[in-house]
Each structure stands twice: as structure tokens, then as C-alpha cells.
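Raw entry.txt, compact mmCIF, C-alpha atoms and all ligand atoms:
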```txt
# COMPACT_ATOMS: atom_id res chain seq x y z
CA MET K 1 -4.84 -33.26 24.02
CA SER K 2 -3.23 -31.21 21.24
CA SER K 3 0.53 -30.73 21.52
CA VAL K 4 0.09 -27.03 20.49
CA SER K 5 -0.12 -24.94 23.64
CA LEU K 6 -2.49 -22.02 24.03
CA LEU K 7 0.50 -19.67 23.96
CA GLN K 8 1.73 -21.16 20.66
CA ARG K 9 -1.75 -20.83 19.17
CA LEU K 10 -1.88 -17.17 20.16
CA VAL K 11 1.53 -16.51 18.59
CA ARG K 12 0.37 -18.11 15.32
CA TRP K 13 -2.82 -16.04 15.27
CA ARG K 14 -2.78 -13.60 12.37
CA PRO K 15 -5.27 -10.82 13.03
CA TRP K 16 -5.49 -9.86 9.32
CA VAL K 17 -6.88 -13.26 8.28
CA SER K 18 -10.56 -13.18 9.14
CA ARG K 19 -12.68 -16.31 8.65
CA ASP K 20 -15.66 -14.12 7.71
CA ASP K 21 -13.97 -12.31 4.80
CA PRO K 22 -16.43 -12.43 1.90
CA LYS K 23 -13.60 -11.50 -0.51
CA GLN K 24 -10.04 -12.78 -0.71
CA ALA K 25 -7.42 -10.12 -0.06
CA VAL K 26 -5.79 -8.63 -3.17
CA LYS K 27 -2.02 -8.25 -2.97
CA VAL K 28 -0.97 -4.74 -4.01
CA LEU K 29 2.68 -3.83 -4.52
CA VAL K 30 3.87 -0.25 -4.08
CA THR K 31 7.49 0.40 -5.01
CA GLY K 32 9.22 3.53 -3.71
CA ALA K 33 6.85 3.17 -0.76
CA ALA K 34 9.03 5.21 1.59
CA GLY K 35 8.92 8.18 -0.82
CA GLN K 36 6.50 11.07 -1.16
CA ILE K 37 3.89 9.44 -3.37
CA GLY K 38 4.34 6.09 -1.63
CA TYR K 39 3.57 7.61 1.75
CA ALA K 40 0.40 9.21 0.38
CA ILE K 41 -0.88 6.22 -1.56
CA VAL K 42 -0.55 3.35 0.91
CA ALA K 43 -3.24 4.75 3.22
CA MET K 44 -5.51 5.46 0.24
CA ILE K 45 -5.18 1.83 -0.90
CA ALA K 46 -5.75 0.48 2.60
CA ARG K 47 -8.86 2.66 2.94
CA GLY K 48 -10.43 1.14 -0.20
CA GLN K 49 -9.95 4.15 -2.48
CA MET K 50 -8.28 1.98 -5.12
CA LEU K 51 -10.13 -1.34 -5.11
CA GLY K 52 -13.38 -0.51 -3.38
CA PRO K 53 -14.70 -0.17 0.18
CA ASP K 54 -15.24 -3.91 0.69
CA GLN K 55 -12.02 -5.23 -0.84
CA PRO K 56 -9.40 -6.43 1.69
CA VAL K 57 -5.80 -5.85 0.67
CA VAL K 58 -2.34 -7.02 1.61
CA LEU K 59 0.23 -4.29 0.96
CA HIS K 60 3.65 -5.21 -0.34
CA MET K 61 6.02 -2.24 0.00
CA LEU K 62 9.45 -2.10 -1.66
CA ASP K 63 12.16 0.50 -1.26
CA LEU K 64 15.95 0.62 -1.36
CA PRO K 65 17.96 -0.81 1.58
CA ARG K 66 18.99 2.71 2.58
CA ALA K 67 15.31 3.61 3.04
CA ALA K 68 14.63 0.52 5.20
CA ASP K 69 14.14 2.49 8.43
CA ALA K 70 11.75 4.92 6.79
CA LEU K 71 9.86 2.03 5.20
CA ASN K 72 9.56 0.33 8.57
CA GLY K 73 8.14 3.60 9.92
CA VAL K 74 5.47 3.52 7.20
CA ARG K 75 4.68 -0.09 8.15
CA MET K 76 4.31 0.92 11.82
CA GLU K 77 1.98 3.78 10.90
CA LEU K 78 -0.19 1.49 8.80
CA ILE K 79 -0.61 -0.81 11.80
CA ASP K 80 -1.30 2.19 14.04
CA ALA K 81 -3.98 3.48 11.67
CA ALA K 82 -6.07 0.33 12.40
CA LEU K 83 -7.41 0.13 8.86
CA PRO K 84 -9.99 -2.68 8.71
CA LEU K 85 -9.35 -3.57 5.04
CA LEU K 86 -5.62 -4.02 5.59
CA ARG K 87 -4.92 -7.73 6.05
CA GLY K 88 -1.13 -7.72 6.02
CA VAL K 89 1.95 -5.64 5.28
CA VAL K 90 5.20 -6.79 3.70
CA ALA K 91 7.96 -4.16 3.92
CA THR K 92 11.14 -5.18 2.15
CA SER K 93 14.10 -4.15 0.02
CA ASP K 94 14.15 -7.53 -1.70
CA GLU K 95 12.54 -7.40 -5.16
CA ALA K 96 11.65 -11.11 -5.25
CA GLU K 97 9.84 -10.91 -1.90
CA ALA K 98 8.10 -7.67 -2.88
CA PHE K 99 6.79 -8.96 -6.23
CA LYS K 100 5.78 -12.40 -4.90
CA GLY K 101 2.22 -13.21 -5.97
CA VAL K 102 1.10 -9.59 -6.39
CA ASN K 103 -2.12 -8.95 -8.30
CA VAL K 104 -1.61 -5.20 -8.75
CA ALA K 105 1.77 -3.44 -8.99
CA ILE K 106 2.08 0.34 -8.61
CA LEU K 107 5.63 1.16 -9.65
CA ILE K 108 6.65 4.49 -8.17
CA GLY K 109 10.25 3.68 -7.17
CA GLY K 110 12.81 5.90 -8.85
CA TRP K 111 14.14 9.42 -8.83
CA PRO K 112 11.95 12.49 -9.13
CA ARG K 113 13.03 15.50 -11.18
CA LYS K 114 14.05 18.73 -9.49
CA GLU K 115 13.25 22.27 -10.55
CA GLY K 116 14.59 23.07 -14.03
CA MET K 117 14.82 19.43 -15.15
CA LYS K 118 12.72 17.72 -17.80
CA ARG K 119 11.14 14.36 -17.01
CA LYS K 120 13.18 12.75 -19.77
CA ASP K 121 16.37 13.83 -17.94
CA LEU K 122 15.50 10.95 -15.58
CA ILE K 123 15.94 8.28 -18.27
CA VAL K 124 19.54 7.53 -17.32
CA LYS K 125 18.71 6.98 -13.63
CA ASN K 126 15.28 5.38 -13.81
CA VAL K 127 15.18 3.22 -16.95
CA PRO K 128 17.69 0.65 -15.54
CA ILE K 129 15.44 0.20 -12.48
CA TYR K 130 12.61 -0.83 -14.79
CA LYS K 131 14.77 -3.32 -16.63
CA SER K 132 15.66 -4.98 -13.31
CA GLN K 133 12.08 -4.91 -12.01
CA ALA K 134 10.79 -6.39 -15.29
CA SER K 135 12.45 -9.70 -14.38
CA ALA K 136 11.10 -9.60 -10.83
CA LEU K 137 7.63 -8.92 -12.23
CA GLN K 138 7.85 -11.75 -14.74
CA GLN K 139 9.26 -14.26 -12.27
CA HIS K 140 7.30 -13.53 -9.13
CA ALA K 141 4.05 -11.61 -9.76
CA ALA K 142 0.67 -13.31 -10.31
CA PRO K 143 0.41 -14.11 -14.05
CA ASN K 144 -2.42 -11.64 -14.64
CA CYS K 145 -0.92 -8.85 -12.53
CA LYS K 146 -2.08 -5.36 -13.54
CA VAL K 147 0.83 -2.91 -13.65
CA LEU K 148 0.81 0.87 -13.38
CA VAL K 149 4.10 2.74 -13.92
CA VAL K 150 4.18 6.10 -12.16
CA ALA K 151 7.93 6.86 -12.03
CA ASN K 152 9.20 9.17 -14.75
CA PRO K 153 9.65 9.08 -17.64
CA ALA K 154 6.51 7.00 -17.18
CA ASN K 155 5.79 6.02 -20.80
CA THR K 156 9.37 5.00 -21.52
CA ASN K 157 9.71 3.09 -18.23
CA ALA K 158 6.52 1.21 -19.17
CA LEU K 159 7.99 0.41 -22.58
CA VAL K 160 11.16 -0.95 -20.94
CA LEU K 161 9.07 -3.06 -18.58
CA LYS K 162 7.13 -4.51 -21.51
CA GLU K 163 10.33 -5.27 -23.46
CA PHE K 164 11.99 -7.06 -20.53
CA ALA K 165 8.96 -8.78 -18.96
CA GLY K 166 7.98 -10.83 -21.99
CA GLY K 167 5.75 -13.16 -19.96
CA ILE K 168 3.42 -10.34 -18.90
CA PRO K 169 0.83 -9.43 -21.57
CA ALA K 170 1.39 -5.90 -22.96
CA LYS K 171 -2.24 -5.03 -22.16
CA ASN K 172 -1.45 -5.52 -18.44
CA ILE K 173 1.22 -2.78 -18.47
CA THR K 174 0.08 0.84 -18.30
CA CYS K 175 1.48 4.21 -17.24
CA LEU K 176 -0.03 7.13 -15.38
CA THR K 177 -1.48 10.04 -17.33
CA ARG K 178 -4.60 10.17 -15.17
CA LEU K 179 -3.00 12.96 -13.16
CA ASP K 180 -2.84 15.08 -16.33
CA HIS K 181 -6.42 14.03 -17.15
CA ASN K 182 -7.60 15.11 -13.70
CA ARG K 183 -5.66 18.36 -14.03
CA ALA K 184 -7.47 19.01 -17.32
CA LEU K 185 -10.86 18.43 -15.65
CA GLY K 186 -9.76 20.72 -12.80
CA GLN K 187 -8.80 23.56 -15.17
CA VAL K 188 -12.13 23.39 -17.01
CA ALA K 189 -14.05 23.31 -13.71
CA GLU K 190 -12.14 26.38 -12.48
CA LYS K 191 -12.72 28.24 -15.76
CA LEU K 192 -16.47 27.56 -15.77
CA ASN K 193 -16.88 27.69 -12.00
CA VAL K 194 -18.63 24.30 -11.92
CA PRO K 195 -18.04 21.25 -9.68
CA VAL K 196 -15.25 19.12 -11.15
CA GLY K 197 -17.48 16.05 -10.84
CA ASP K 198 -19.74 17.54 -13.51
CA VAL K 199 -16.92 17.70 -16.09
CA LYS K 200 -15.93 14.60 -18.06
CA ASN K 201 -14.28 13.21 -21.17
CA ALA K 202 -11.21 15.40 -21.39
CA ILE K 203 -8.35 13.57 -23.14
CA ILE K 204 -4.61 13.47 -22.64
CA TRP K 205 -2.93 12.30 -25.83
CA GLY K 206 0.71 11.22 -25.86
CA ASN K 207 3.59 11.35 -23.47
CA HIS K 208 3.47 12.27 -19.77
CA SER K 209 5.72 15.22 -20.60
CA SER K 210 5.42 18.78 -21.80
CA THR K 211 4.58 17.52 -25.33
CA GLN K 212 1.37 15.87 -24.12
CA PHE K 213 -1.78 17.18 -25.75
CA PRO K 214 -4.56 17.99 -23.28
CA ASP K 215 -7.68 18.05 -25.43
CA ALA K 216 -11.02 19.40 -24.23
CA SER K 217 -12.70 19.33 -27.63
CA HIS K 218 -14.84 16.28 -26.76
CA ALA K 219 -15.31 17.12 -23.07
CA THR K 220 -18.74 17.89 -21.63
CA VAL K 221 -20.29 19.45 -18.53
CA ARG K 222 -23.44 18.22 -16.81
CA THR K 223 -25.90 21.12 -16.57
CA GLU K 224 -29.57 21.52 -15.74
CA LEU K 225 -30.19 21.34 -19.50
CA GLY K 226 -28.28 18.07 -19.89
CA GLU K 227 -24.71 17.53 -21.04
CA ARG K 228 -23.21 20.47 -22.90
CA PRO K 229 -19.88 20.64 -24.77
CA VAL K 230 -17.06 22.38 -22.91
CA LYS K 231 -16.16 24.13 -26.19
CA GLU K 232 -19.56 25.77 -26.28
CA LEU K 233 -19.58 26.78 -22.60
CA VAL K 234 -16.02 28.12 -22.58
CA ALA K 235 -16.60 29.84 -25.94
CA ASP K 236 -12.92 30.80 -26.13
CA GLU K 237 -11.00 28.73 -28.66
CA LYS K 238 -7.79 30.62 -27.92
CA TRP K 239 -7.95 29.68 -24.22
CA LEU K 240 -8.65 26.03 -25.08
CA ARG K 241 -5.72 25.83 -27.54
CA GLU K 242 -3.19 27.87 -25.57
CA GLU K 243 -3.59 28.61 -21.86
CA PHE K 244 -5.49 25.41 -21.03
CA VAL K 245 -2.97 23.26 -22.93
CA SER K 246 0.14 24.87 -21.48
CA THR K 247 -1.23 25.01 -17.90
CA VAL K 248 -1.88 21.25 -17.92
CA GLN K 249 1.41 20.49 -19.71
CA GLN K 250 3.38 22.53 -17.16
CA ARG K 251 1.44 21.76 -13.99
CA GLY K 252 3.97 19.24 -12.68
CA ALA K 253 6.77 21.81 -13.03
CA ALA K 254 4.60 24.48 -11.38
CA VAL K 255 3.98 22.22 -8.35
CA ILE K 256 7.71 21.42 -8.09
CA LYS K 257 8.50 25.16 -8.18
CA ALA K 258 5.97 25.80 -5.41
CA ARG K 259 6.60 22.77 -3.17
CA LYS K 260 10.23 22.01 -4.05
CA LEU K 261 8.89 18.48 -4.30
CA SER K 262 6.82 16.87 -7.04
CA SER K 263 3.07 16.37 -6.86
CA SER K 264 2.39 13.59 -4.37
CA LEU K 265 -1.15 13.87 -3.08
CA SER K 266 -2.61 14.37 -6.57
CA ALA K 267 -0.34 11.70 -8.10
CA ALA K 268 -1.36 9.16 -5.44
CA SER K 269 -5.03 10.04 -5.89
CA ALA K 270 -4.74 9.74 -9.70
CA ALA K 271 -3.02 6.35 -9.41
CA CYS K 272 -5.97 5.13 -7.28
CA ASP K 273 -8.41 6.48 -9.89
CA HIS K 274 -6.48 4.72 -12.68
CA ILE K 275 -6.54 1.29 -11.04
CA ARG K 276 -10.10 1.66 -9.71
CA ASP K 277 -11.49 2.42 -13.16
CA TRP K 278 -9.37 -0.29 -14.80
CA VAL K 279 -10.49 -2.97 -12.31
CA LEU K 280 -14.05 -1.86 -11.52
CA GLY K 281 -14.91 -0.21 -14.86
CA THR K 282 -15.56 3.32 -16.13
CA PRO K 283 -19.06 4.75 -15.68
CA LYS K 284 -21.29 4.48 -18.78
CA GLY K 285 -20.61 7.31 -21.23
CA THR K 286 -17.35 8.30 -19.52
CA TRP K 287 -13.81 7.79 -20.68
CA VAL K 288 -10.51 8.39 -18.91
CA SER K 289 -6.91 8.77 -20.08
CA MET K 290 -4.42 5.93 -19.65
CA GLY K 291 -0.93 5.39 -21.04
CA VAL K 292 -1.22 2.07 -22.91
CA CYS K 293 0.58 0.14 -25.61
CA SER K 294 -0.70 1.46 -28.95
CA ASP K 295 -2.42 -0.95 -31.33
CA GLY K 296 -2.07 1.61 -34.16
CA SER K 297 -5.25 3.52 -33.24
CA TYR K 298 -5.31 7.15 -34.44
CA GLY K 299 -2.16 6.47 -36.51
CA ILE K 300 0.06 6.15 -33.41
CA PRO K 301 2.78 3.58 -34.17
CA GLU K 302 2.02 0.14 -32.74
CA GLY K 303 3.96 -0.66 -29.57
CA THR K 304 4.32 3.00 -28.48
CA PHE K 305 3.24 3.67 -24.88
CA PHE K 306 0.90 6.57 -25.57
CA SER K 307 -1.90 8.15 -23.59
CA PHE K 308 -5.33 7.57 -25.17
CA PRO K 309 -8.94 7.97 -24.09
CA VAL K 310 -10.08 4.56 -22.85
CA THR K 311 -13.14 2.91 -21.38
CA CYS K 312 -12.79 -0.06 -19.03
CA ASP K 313 -15.05 -3.05 -18.51
CA LYS K 314 -14.47 -6.33 -16.66
CA GLY K 315 -10.85 -5.49 -15.99
CA GLU K 316 -9.96 -4.67 -19.62
CA TRP K 317 -9.32 -1.27 -21.18
CA SER K 318 -10.25 -0.37 -24.78
CA ILE K 319 -9.22 2.71 -26.71
CA VAL K 320 -12.21 4.92 -27.58
CA GLN K 321 -12.53 4.80 -31.37
CA GLY K 322 -13.88 7.16 -33.99
CA LEU K 323 -13.15 10.55 -32.41
CA GLN K 324 -12.62 13.33 -34.94
CA ILE K 325 -9.05 14.61 -34.97
CA ASP K 326 -8.48 18.01 -36.60
CA ASP K 327 -5.15 19.24 -38.01
CA PHE K 328 -4.25 21.06 -34.78
CA ALA K 329 -4.75 17.91 -32.68
CA ARG K 330 -3.00 15.74 -35.26
CA SER K 331 0.15 17.89 -35.19
CA LYS K 332 0.26 17.84 -31.37
CA MET K 333 -0.22 14.05 -31.25
CA GLU K 334 2.53 13.52 -33.81
CA ALA K 335 4.94 15.76 -31.88
CA SER K 336 4.39 13.71 -28.72
CA ALA K 337 4.75 10.41 -30.61
CA SER K 338 8.05 11.55 -32.08
CA GLU K 339 9.34 12.59 -28.64
CA LEU K 340 8.52 9.06 -27.44
CA LYS K 341 10.48 7.64 -30.35
CA GLU K 342 13.49 9.74 -29.28
CA GLU K 343 13.13 8.64 -25.64
CA LYS K 344 13.03 5.02 -26.77
CA ALA K 345 16.28 5.47 -28.71
CA VAL K 346 17.98 7.00 -25.65
CA ALA K 347 16.71 4.17 -23.42
CA ILE K 348 17.91 1.48 -25.83
CA ASN K 349 21.29 3.14 -25.93
CA ILE K 350 21.56 3.01 -22.13
CA LEU K 351 20.36 -0.57 -21.77
N1 LIG K 401 3.33 9.85 -13.75
C1 LIG K 401 3.02 10.86 -12.93
O1 LIG K 401 1.95 11.47 -13.08
C2 LIG K 401 3.93 11.29 -11.82
C3 LIG K 401 5.16 10.70 -11.68
N2 LIG K 401 5.99 11.08 -10.67
C4 LIG K 401 7.26 10.35 -10.55
O2 LIG K 401 7.14 9.37 -9.51
C5 LIG K 401 8.44 9.05 -9.00
C6 LIG K 401 8.43 9.09 -7.48
O3 LIG K 401 8.18 10.39 -7.03
P1 LIG K 401 8.25 10.76 -5.47
O4 LIG K 401 7.51 9.76 -4.68
O5 LIG K 401 7.88 12.18 -5.37
O6 LIG K 401 9.81 10.58 -5.23
P2 LIG K 401 10.57 10.27 -3.84
O7 LIG K 401 12.03 10.52 -4.09
O8 LIG K 401 9.92 10.93 -2.71
O9 LIG K 401 10.36 8.69 -3.68
C7 LIG K 401 10.90 7.77 -4.54
C8 LIG K 401 11.24 6.53 -3.73
O10 LIG K 401 11.71 5.53 -4.64
C9 LIG K 401 12.74 4.83 -3.98
N3 LIG K 401 13.52 4.08 -4.95
C10 LIG K 401 14.54 4.50 -5.76
N4 LIG K 401 15.00 3.48 -6.48
C11 LIG K 401 14.25 2.41 -6.17
C12 LIG K 401 14.26 1.05 -6.57
N5 LIG K 401 15.15 0.59 -7.46
N6 LIG K 401 13.35 0.21 -6.04
C13 LIG K 401 12.47 0.65 -5.11
N7 LIG K 401 12.43 1.91 -4.67
C14 LIG K 401 13.31 2.77 -5.19
C15 LIG K 401 13.52 5.92 -3.24
O11 LIG K 401 14.33 5.37 -2.21
C16 LIG K 401 12.37 6.77 -2.71
O12 LIG K 401 11.94 6.35 -1.43
C17 LIG K 401 9.40 10.05 -9.64
O13 LIG K 401 10.04 9.45 -10.76
C18 LIG K 401 8.46 11.16 -10.11
O14 LIG K 401 9.03 11.91 -11.15
C19 LIG K 401 5.64 12.04 -9.77
C20 LIG K 401 4.42 12.66 -9.87
C21 LIG K 401 3.48 12.34 -10.92
O1 LIG K 402 6.45 16.90 -12.98
C1 LIG K 402 7.04 15.98 -12.38
O2 LIG K 402 8.24 15.73 -12.46
C2 LIG K 402 6.20 15.08 -11.56
C3 LIG K 402 5.11 14.65 -12.43
O3 LIG K 402 5.28 13.82 -13.30
C4 LIG K 402 3.87 15.41 -12.40
O4 LIG K 402 3.60 16.14 -11.44
O5 LIG K 402 3.08 15.27 -13.34
```

Show this structure as C-alpha cells.
Ligand SMILES: NC(=O)C1=CN([C@@H]2O[C@H](COP(=O)(O)OP(=O)(O)OC[C@H]3O[C@@H](n4cnc5c(N)ncnc54)[C@H](O)[C@@H]3O)[C@@H](O)[C@H]2O)C=CC1
Ligand SMILES: O=C([O-])CC(=O)C(=O)O
Amino acid sequence: MSSVSLLQRLVRWRPWVSRDDPKQAVKVLVTGAAGQIGYAIVAMIARGQMLGPDQPVVLHMLDLPRAADALNGVRMELIDAALPLLRGVVATSDEAEAFKGVNVAILIGGWPRKEGMKRKDLIVKNVPIYKSQASALQQHAAPNCKVLVVANPANTNALVLKEFAGGIPAKNITCLTRLDHNRALGQVAEKLNVPVGDVKNAIIWGNHSSTQFPDASHATVRTELGERPVKELVADEKWLREEFVSTVQQRGAAVIKARKLSSSLSAASAACDHIRDWVLGTPKGTWVSMGVCSDGSYGIPEGTFFSFPVTCDKGEWSIVQGLQIDDFARSKMEASASELKEEKAVAINIL
């Protein structure tokens, strides 16, 4: 007879490991998981909104020691939600434990801006976090881990991560501008009174900051007569160059003014969209905006973390090539690239 008693066997039983799982669980790290965006995103991930409705996940959640109780509360709620795709939860304030073996890392941990601040005012507080987490990523994550930086200033934090996590390929490090992209689609849909799902191919060029350039000049709307250019349907160049651009650029600040907290639901949803499209691919004929390491496309200096239109296939993103850039767009893209150069100089100075 086996020396393992029935009671011992029951204690060892791990309900999240099912023998019938057709797919292995993917380990997804969320940093800042006790915060606003963290609280919104963990349920979305565990419901399959990020990796698909048949993909089991193990959630790794990291937050500071002082948020340990709150993080444990999130862990309890995840168990209480009885989410069938959720095959395990690690809740910790230890970076090594949090990054161990993760396949996808959503880096949200850091400080949010308050009303009246610019995102780049967060460099001093947040950039050092990304230097420290770069080593944890390099040492403990799965070698092909896909990384999405959400915490602001997102592009510069991603750059710091790339600089200090040399073992992780630059193409695996990205930052979130999908929220701005989705905001751009939302503004066009509101203007034309059409379902947002019928609008596609807006572009966010540049920094996730007020110098970003939301560009609807290549966007289209699905109509009964086929796909039609947004430019033609809006028929208001002034709106497209002014109100549309500034509304999207300033939307984060407008939400902070209204909520006294930064966008959480829409940021969490956009982060799911970003990873889903990266991993599962963009639909044919559709591009999305992602902050990625420039290869020199469109004259943007190589190595700059810049938002471009991309398509994704088999887990790889590629910058959409050959789009016509007029003088107006060129000047906006250059302004955002030079702001990123300034942010980089400030970050280097701090580190
Ligand atoms: N890229 C984008 O589109 C967006 C970016 N953001 C940014 O996302 C970040 C998080 O925003 P919220 O969730 O609203 O803030 P929050 O303050 O509610 O949550 C942040 C969490 O990060 C934790 N944290 C701080 N330092 C950490 C560290 N070293 N390791 C792990 N966790 C750490 C905090 O304890 C807190 O629980 C902010 O920087 C915000 O500006 C927010 C909205 C959109
Ligand atoms: O504006 C902020 O500070 C938060 C953020 O990045 C956004 O909502 O886009």
C-alpha cells in the first residue's frame, strides 16, 4: 500500500492543474496589480480577453510590500470569481518570484500622474523602477517573454527596460499606445455616429504624451458601399487636424480631471487588445498602434521607442511601410521624436 495517505493526497491536489487541458497555461505577470489598472485587468486576463477564450493562464501579481494586504484581497477575489481559465495565482512583493518563468509581462507598477502634471513629470519616480525590473526580467522571465510597459512615461520606461535587460530581444519590449489608438477610433465613431467596430486603421505616431500625433488620414469606415476613407466621410479637414488631434492627445488628462484618477478600465482593455493582437495576430487589412523600438522607419531615429502602425502575425509585429506622410504629419512626428530624445536625456541623467 502507498505510504501517501488519502488526506495527504487531497492536500497535494491542485485544482488549477487539469489533466484534460488541451493547452498549457501561459504565465502572465501583472505588476502594480493592487492598483487601479491592475484591479481591472486581472479579471479580463483570467476571462480570456487577452489570450483567447480557450487559453488557461496562471497570474503572477507583483506589488510593493505596503500593498501586500490589498494584493491578497485581489487574490481572494480571483478565487471567489471561479474563473475556469485561471489555473493559479502568485501574489508577491518579491520581484524574482513574480518574474519567474513568465511568458507575458504587463508592467503597470509605478506612480500615476495627478491633475496638472505631465506624464514626463513621472520620470524621476518611475524610471528607476524599470531599471530594477529590467534585471528581474532578464534573470527570471521565460527567454521569449513578451513585454508591455503601461506605466508612464511609457515609451521612456520601455527604453530603460531595453537598455538594462540586454538578454531580452528589443522586439519583445513594447509600450502601450493602444489606448490612444482606441480613443482615436472612438472619436471618429462619435463624429460620424457609426459603430466603433466599423472604424479602423487610425494611427498614433510618437510618444504616449501630449505630443503624440493621432492621424486619421489613412483610417476607413465600413459602410454598405464598402470601405470609405474617414477623411471623405468627415469632410472637415480642420476638425481632423485640430479638435480630433487635441481631444485624443488630452484625453488622459480629461479623464483624470473627471475621475481624479487616471483611466483604468480603458487602459486595462487596451492592454488586453495590445497583447491579443500581438500574440494572435491582427485581422487582415487592419493595423493597430504599438510603441516599439524604431528600426529607422519613417525617418524616426533607430532605437527610439515610438508608436507606429503595425500588423502582427505569428507573434511578431511589423511596422506598416509605405504610408504617405505629408508636411503636417512630418512636423508632428518630428516634434514627438524630439520630446522622446529629451526624455531619454533626463532618464540617463537620473540613472
Ligand atoms: N500607457 C497608458 O496608456 C496608460 C498608463 N497609465 C499609467 O499606468 C500606471 C499605473 O496607473 P494606475 O493603476 O492608475 O496607478 P495606481 O497608483 O492605482 O497603481 C499603481 C500600483 O503600482 C504599485 N507599484 C509602485 N511601485 C511599484 C513597484 N516598484 N513594483 C510593483 N508595483 C509597484 C503601487 O503600489 C500601486 O498599487 C501609472 O504610471 C499611469 O500613469 C495609466 C493609464 C494609461
Ligand atoms: O493620462 C494619464 O496620466 C494616464 C494615461 O496615460 C492615459 O490615460 O492615457

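Selection of all polymer residues within 6 Å of ligand LIG 402 (chain K) on the basis of only C-alpha atoms and all ligand atoms gives Pro112, Arg113, Arg119, Gly252, Ala253, Ser262 and Ser263 of chain K.
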
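Those residues positioned at most 12 Å from (-10.8, 9.0, -34.1) are Trp205, His218, Gly296, Ser297, Tyr298, Gly299, Ile300, Phe308, Pro309, Ile319, Val320, Gln321, Gly322, Leu323, Gln324, Ile325, Asp326, Ala329 and Arg330 of chain K, judged using only C-alpha atoms.
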
Considering only C-alpha atoms and all ligand atoms, tabulate each residue of chain K that lies at most 6 Å from ligand LIG 401 (chain K) along with its nearest interatomic pair and the corresponding distance in Å to one decimal; arrange the rows by chain and ascending residue number and present them as a Markdown table.
```
| residue | atom | partner | partner_atom | distance |
| --- | --- | --- | --- | --- |
| K:Thr31 | CA | K:LIG401 | C13 | 5.0 |
| K:Gly32 | CA | K:LIG401 | O10 | 3.3 |
| K:Ala34 | CA | K:LIG401 | O12 | 4.3 |
| K:Gly35 | CA | K:LIG401 | O9 | 3.2 |
| K:Gln36 | CA | K:LIG401 | O8 | 3.8 |
| K:Ile37 | CA | K:LIG401 | O4 | 3.9 |
| K:Gly38 | CA | K:LIG401 | O4 | 5.7 |
| K:Leu62 | CA | K:LIG401 | C13 | 5.3 |
| K:Asp63 | CA | K:LIG401 | N7 | 3.7 |
| K:Leu64 | CA | K:LIG401 | N7 | 5.0 |
| K:Ala67 | CA | K:LIG401 | O11 | 5.6 |
| K:Ile108 | CA | K:LIG401 | C5 | 5.0 |
| K:Gly109 | CA | K:LIG401 | O10 | 3.5 |
| K:Gly110 | CA | K:LIG401 | C10 | 3.8 |
| K:Trp111 | CA | K:LIG401 | O13 | 4.5 |
| K:Pro112 | CA | K:LIG401 | C17 | 3.6 |
| K:Arg113 | CA | K:LIG401 | O14 | 5.4 |
| K:Ile129 | CA | K:LIG401 | N5 | 5.0 |
| K:Val150 | CA | K:LIG401 | N1 | 4.2 |
| K:Ala151 | CA | K:LIG401 | O13 | 3.6 |
| K:Asn152 | CA | K:LIG401 | O13 | 4.1 |
| K:Ala154 | CA | K:LIG401 | N1 | 5.5 |
| K:Leu176 | CA | K:LIG401 | N1 | 4.6 |
| K:Thr177 | CA | K:LIG401 | O1 | 5.6 |
| K:Leu179 | CA | K:LIG401 | O1 | 5.2 |
| K:Ser262 | CA | K:LIG401 | O5 | 5.1 |
| K:Ser263 | CA | K:LIG401 | C20 | 5.0 |
| K:Ser264 | CA | K:LIG401 | O5 | 5.8 |
| K:Ala267 | CA | K:LIG401 | C21 | 4.8 |
```

Exercise. Do you have the atom CA of K:Val248-atom CA of K:Ser269 distance handy?
Worked result: 16.7 Å

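For the point (2.5, 13.4, -22.6) in file coordinates, the residues within 9 Å, using only C-alpha atoms, are Asn155, Thr177, Asp180, Ile204, Trp205, Gly206, Asn207, His208, Ser209, Ser210, Thr211, Gln212, Phe213, Pro214, Gln249, Gly291, Phe306, Ser307, Ser336, Ala337 and Leu340 of chain K.
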
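Atom pair atom CA of K:Ala136 / atom CA of K:Leu280 has a distance of 26.3 Å (rounded to one decimal).
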
Exercise. In Å, how far is it from atom CA of K:Leu122 to atom CA of K:Lys344?
Worked result: 12.9 Å

Exercise. Near K:Ala141, counting all atoms listed in the file, which residues have an atom at most 10 Å away, once you skip same-chain residues fewer than 3 positions from it, shown as a ChimeraX atom specification?
Worked result: /K:27,29,96-105,135-138,144-146,168

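Using all atoms listed in the file, the nearest neighbour of K:Val221 within the list K:Leu161, K:Val234, K:Val42, K:Cys312 is K:Val234.
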
Exercise. Could you name the residues that touch K:Val199 at 9 Å or less, counting all atoms listed in the file, but leaving out those on the same chain fewer than 4 positions away, as a ChimeraX atom specification?
Worked result: /K:185-186,188-189,194-195,219-222,230

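Distance check against K:Ser266 using all atoms listed in the file: of K:Gly167, K:Glu95, K:Ile41, K:Ser331, the minimum falls on K:Ile41.
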
Problem set entry | Counting all atoms listed in the file, the residue of K:Glu115, K:Phe328, K:Gly52, K:Val147 that sits nearest K:Leu261 | K:Glu115

Exercise. With all atoms listed in the file as the basis for distance, which of K:Glu316, K:Glu237, K:Asp273, K:Glu334 is at the shortest distance from K:Val292?
Worked result: K:Glu316

Exercise. K:Lys341: which residues within 10 Å, counting only C-alpha atoms, same-chain residues fewer than 3 positions away excluded, as an MDAnalysis selection string?
Worked result: chainID K and resid 156 301 304:305 335:338 344:347

For this session: Extract, using only C-alpha atoms, all DNA, RNA and protein residues at most 12 Å from K:Ala43, discarding same-chain residues fewer than 5 positions from it, and format them as a count of residues only.
Result: 27

Would you output stretch 208-218 of chain K from that structure, restricted to N, CA and C atoms, as a compact mmCIF listing (two decimals), in the first residue's frame?
```
# COMPACT_ATOMS: atom_id res chain seq x y z
N HIS K 208 3.60 58.46 -26.01
CA HIS K 208 2.32 58.44 -25.27
C HIS K 208 2.33 59.67 -24.36
N SER K 209 2.12 60.83 -25.00
CA SER K 209 2.18 62.11 -24.29
C SER K 209 1.37 63.10 -25.12
N SER K 210 1.34 64.34 -24.69
CA SER K 210 0.54 65.30 -25.45
C SER K 210 1.19 65.71 -26.77
N THR K 211 2.42 65.21 -27.07
CA THR K 211 2.98 65.47 -28.41
C THR K 211 2.65 64.36 -29.41
N GLN K 212 1.96 63.31 -28.95
CA GLN K 212 1.61 62.23 -29.89
C GLN K 212 0.83 62.83 -31.06
N PHE K 213 0.92 62.13 -32.21
CA PHE K 213 0.14 62.59 -33.35
C PHE K 213 -0.92 61.56 -33.73
N PRO K 214 -2.17 61.81 -33.32
CA PRO K 214 -3.27 60.94 -33.75
C PRO K 214 -3.63 61.30 -35.20
N ASP K 215 -3.56 60.31 -36.06
CA ASP K 215 -3.64 60.55 -37.51
C ASP K 215 -4.78 59.71 -38.08
N ALA K 216 -5.79 60.38 -38.62
CA ALA K 216 -6.92 59.63 -39.19
C ALA K 216 -6.86 59.65 -40.71
N SER K 217 -5.72 60.10 -41.27
CA SER K 217 -5.73 60.31 -42.72
C SER K 217 -5.72 59.00 -43.52
N HIS K 218 -5.42 57.88 -42.87
CA HIS K 218 -5.48 56.59 -43.59
C HIS K 218 -6.61 55.72 -43.06
```
